[in-house]
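File shown: entry32.txt. Contents: compact mmCIF, C-alpha atoms.
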```txt
# COMPACT_ATOMS: atom_id res chain seq x y z
CA MET A 22 100.63 104.93 77.27
CA ASP A 23 103.02 103.01 79.49
CA SER A 24 102.16 99.91 81.52
CA ALA A 25 102.11 101.79 84.84
CA GLN A 26 99.51 104.16 83.41
CA GLN A 27 97.48 101.27 81.98
CA THR A 28 97.54 99.44 85.31
CA PHE A 29 96.48 102.54 87.20
CA ASN A 30 93.70 103.21 84.70
CA LYS A 31 92.37 99.69 85.32
CA LEU A 32 92.12 100.50 89.03
CA LEU A 33 90.20 103.68 88.26
CA ILE A 34 87.83 101.85 85.94
CA GLU A 35 87.24 98.94 88.31
CA HIS A 36 87.07 100.75 91.65
CA LEU A 37 85.83 104.26 90.84
CA ARG A 38 83.81 103.20 87.79
CA LEU A 39 85.32 105.87 85.56
CA PRO A 40 84.84 105.57 81.79
CA ALA A 41 88.04 104.53 80.03
CA GLU A 42 87.67 107.24 77.41
CA ASP A 43 88.01 109.94 80.11
CA LEU A 44 91.34 108.63 81.42
CA SER A 45 94.03 110.60 79.64
CA PRO A 46 97.41 110.89 81.40
CA ASP A 47 97.00 114.68 81.64
CA ALA A 48 93.55 114.53 83.24
CA THR A 49 93.35 115.61 86.86
CA PHE A 50 91.01 114.18 89.46
CA GLU A 51 89.30 117.56 89.40
CA ASP A 52 88.73 117.17 85.64
CA LEU A 53 87.11 113.81 86.38
CA ASP A 54 84.88 115.28 89.14
CA ILE A 55 86.48 113.08 91.79
CA ASP A 56 85.86 114.36 95.31
CA SER A 57 88.23 114.27 98.27
CA LEU A 58 86.54 111.21 99.78
CA ALA A 59 87.17 109.25 96.57
CA LEU A 60 90.83 110.35 96.68
CA VAL A 61 91.16 108.84 100.16
CA GLU A 62 89.45 105.71 98.86
CA MET A 63 91.92 105.60 95.94
CA ALA A 64 94.87 105.78 98.35
CA ASP A 65 93.35 102.88 100.34
CA ILE A 66 92.84 100.87 97.16
CA ILE A 67 96.45 101.44 96.11
CA GLN A 68 97.64 100.27 99.52
CA GLY A 69 95.40 97.21 99.38
CA VAL A 70 96.42 96.23 95.85
CA TYR A 71 100.13 97.05 95.97
CA GLY A 72 100.92 96.76 99.68
CA PHE A 73 102.45 100.17 100.32
CA PRO A 74 100.89 103.19 102.00
CA VAL A 75 100.24 106.41 100.12
CA ALA A 76 101.24 109.46 102.14
CA ASP A 77 98.50 111.88 103.14
CA GLY A 78 98.27 114.60 100.55
CA ALA A 79 100.20 112.64 97.91
CA ILE A 80 97.08 112.45 95.76
CA THR A 81 95.17 115.70 95.33
CA LYS A 82 92.39 116.96 93.10
CA THR A 83 95.03 118.65 90.93
CA SER A 84 97.19 115.52 90.57
CA THR A 85 97.27 114.20 87.02
CA LEU A 86 96.68 110.54 86.34
CA ALA A 87 100.24 110.31 85.00
CA GLU A 88 101.62 111.72 88.27
CA VAL A 89 99.70 109.22 90.36
CA ALA A 90 100.65 106.35 88.02
CA ALA A 91 104.30 107.35 88.52
CA LEU A 92 103.76 107.45 92.30
CA VAL A 93 102.28 103.94 92.16
CA GLU A 94 105.15 102.65 90.02
CA ALA A 95 107.75 104.16 92.38
CA GLY A 96 105.99 102.64 95.37
CA ARG A 97 105.81 99.24 93.69
CA GLN A 98 109.53 99.32 92.92
CA ALA A 99 110.42 100.43 96.44
CA ALA A 100 108.29 97.66 97.94
CA THR A 101 110.16 94.93 96.06
```

Re-express the file's structure as structure tokens.
Amino acid sequence: MDSAQQTFNKLLIEHLRLPAEDLSPDATFEDLDIDSLALVEMADIIQGVYGFPVADGAITKTSTLAEVAALVEAGRQAAT
């Protein structure tokens, strides 16, 4: 697991209180029973922590954790 994935997993554990053992890179938010309100909250958390906005619809129930970790990493690099 790469550092971007590990960092994103920490956010999920801390803010959405997800168990670490459920956080595989191929898991989707649907697999984790995350509702649409929590997805909006996750986008707000990413913006608050990393300082860049997440576009509406960029994170969906079918997004994998690896896809969102890559989105976060790309946003972090673009913001610097």

>> Counting only C-alpha atoms, which residues have an atom no more than 10 Å from (100.8, 109.3, 89.9) in the file's coordinates? Please list them as a ChimeraX atom specification.
In response: /A:25-26,29,46,79-80,84-95

>> I want to know what sits within 10 Å of stretch 35-44 of chain A, based on only C-alpha atoms, with residues of the same chain fewer than 2 positions away left out; could you give that as number ranges by chain?
In response: A: 26-27, 29-33, 46-50, 52-53, 55, 59-60, 62-63, 66, 85-87

> Which of these residues is nearest to A:Thr101, using all atoms listed in the file: A:Ala76, A:Thr81, A:Tyr71, A:Ser24?
Replying inline: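 Among A:Ala76, A:Thr81, A:Tyr71, A:Ser24, it is A:Tyr71 that comes nearest to A:Thr101.
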
> Counting all atoms listed in the file, which of A:Ser57, A:Gln68, A:Ser45, A:Thr83 gets nearest to A:Ala100?
Replying inline: A:Gln68

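Between atom CA of A:Asp77 and atom CA of A:Asp65 there is a distance of 10.7 Å.
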
> What does the distance between atom CA of A:Ile34 and atom CA of A:Gly72 come to in Å, to one decimal place?
Replying inline: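 Interatomic distance here is 19.6 Å.
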
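Atom pair atom CA of A:Thr28 / atom CA of A:Ala64: separated by 14.7 Å.
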
Could you rebuild stretch 59-79 of chain A with N, CA and C atoms and give it back as a compact mmCIF listing (two decimals), in the coordinates of the input?
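File produced: result26.txt:
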```
# COMPACT_ATOMS: atom_id res chain seq x y z
N ALA A 59 86.73 110.25 97.55
CA ALA A 59 87.17 109.25 96.57
C ALA A 59 88.69 109.21 96.47
N LEU A 60 89.36 110.35 96.69
CA LEU A 60 90.83 110.35 96.68
C LEU A 60 91.38 109.53 97.85
N VAL A 61 90.75 109.66 99.00
CA VAL A 61 91.16 108.84 100.16
C VAL A 61 90.91 107.37 99.86
N GLU A 62 89.77 107.08 99.26
CA GLU A 62 89.45 105.71 98.86
C GLU A 62 90.49 105.18 97.88
N MET A 63 90.91 106.02 96.92
CA MET A 63 91.92 105.60 95.94
C MET A 63 93.23 105.26 96.63
N ALA A 64 93.64 106.07 97.61
CA ALA A 64 94.87 105.78 98.35
C ALA A 64 94.75 104.44 99.09
N ASP A 65 93.57 104.16 99.66
CA ASP A 65 93.35 102.88 100.34
C ASP A 65 93.39 101.71 99.36
N ILE A 66 92.83 101.92 98.18
CA ILE A 66 92.84 100.87 97.16
C ILE A 66 94.27 100.57 96.72
N ILE A 67 95.05 101.62 96.50
CA ILE A 67 96.45 101.44 96.11
C ILE A 67 97.19 100.65 97.18
N GLN A 68 96.97 101.00 98.44
CA GLN A 68 97.64 100.27 99.52
C GLN A 68 97.19 98.81 99.54
N GLY A 69 95.91 98.57 99.36
CA GLY A 69 95.40 97.21 99.38
C GLY A 69 95.91 96.37 98.22
N VAL A 70 96.00 96.97 97.04
CA VAL A 70 96.42 96.23 95.85
C VAL A 70 97.93 96.03 95.81
N TYR A 71 98.68 97.09 96.15
CA TYR A 71 100.13 97.05 95.97
C TYR A 71 100.92 96.88 97.26
N GLY A 72 100.26 97.04 98.41
CA GLY A 72 100.92 96.76 99.68
C GLY A 72 101.82 97.85 100.22
N PHE A 73 101.68 99.07 99.74
CA PHE A 73 102.45 100.17 100.32
C PHE A 73 101.52 101.35 100.59
N PRO A 74 101.77 102.07 101.67
CA PRO A 74 100.89 103.19 102.00
C PRO A 74 101.16 104.40 101.10
N VAL A 75 100.13 105.15 100.86
CA VAL A 75 100.24 106.41 100.12
C VAL A 75 100.17 107.53 101.16
N ALA A 76 101.18 108.38 101.16
CA ALA A 76 101.24 109.46 102.14
C ALA A 76 100.04 110.38 102.01
N ASP A 77 99.58 110.89 103.16
CA ASP A 77 98.50 111.88 103.14
C ASP A 77 98.91 113.05 102.27
N GLY A 78 98.01 113.47 101.42
CA GLY A 78 98.27 114.60 100.55
C GLY A 78 99.04 114.28 99.29
N ALA A 79 99.45 113.02 99.12
CA ALA A 79 100.20 112.64 97.91
C ALA A 79 99.32 112.65 96.67
```
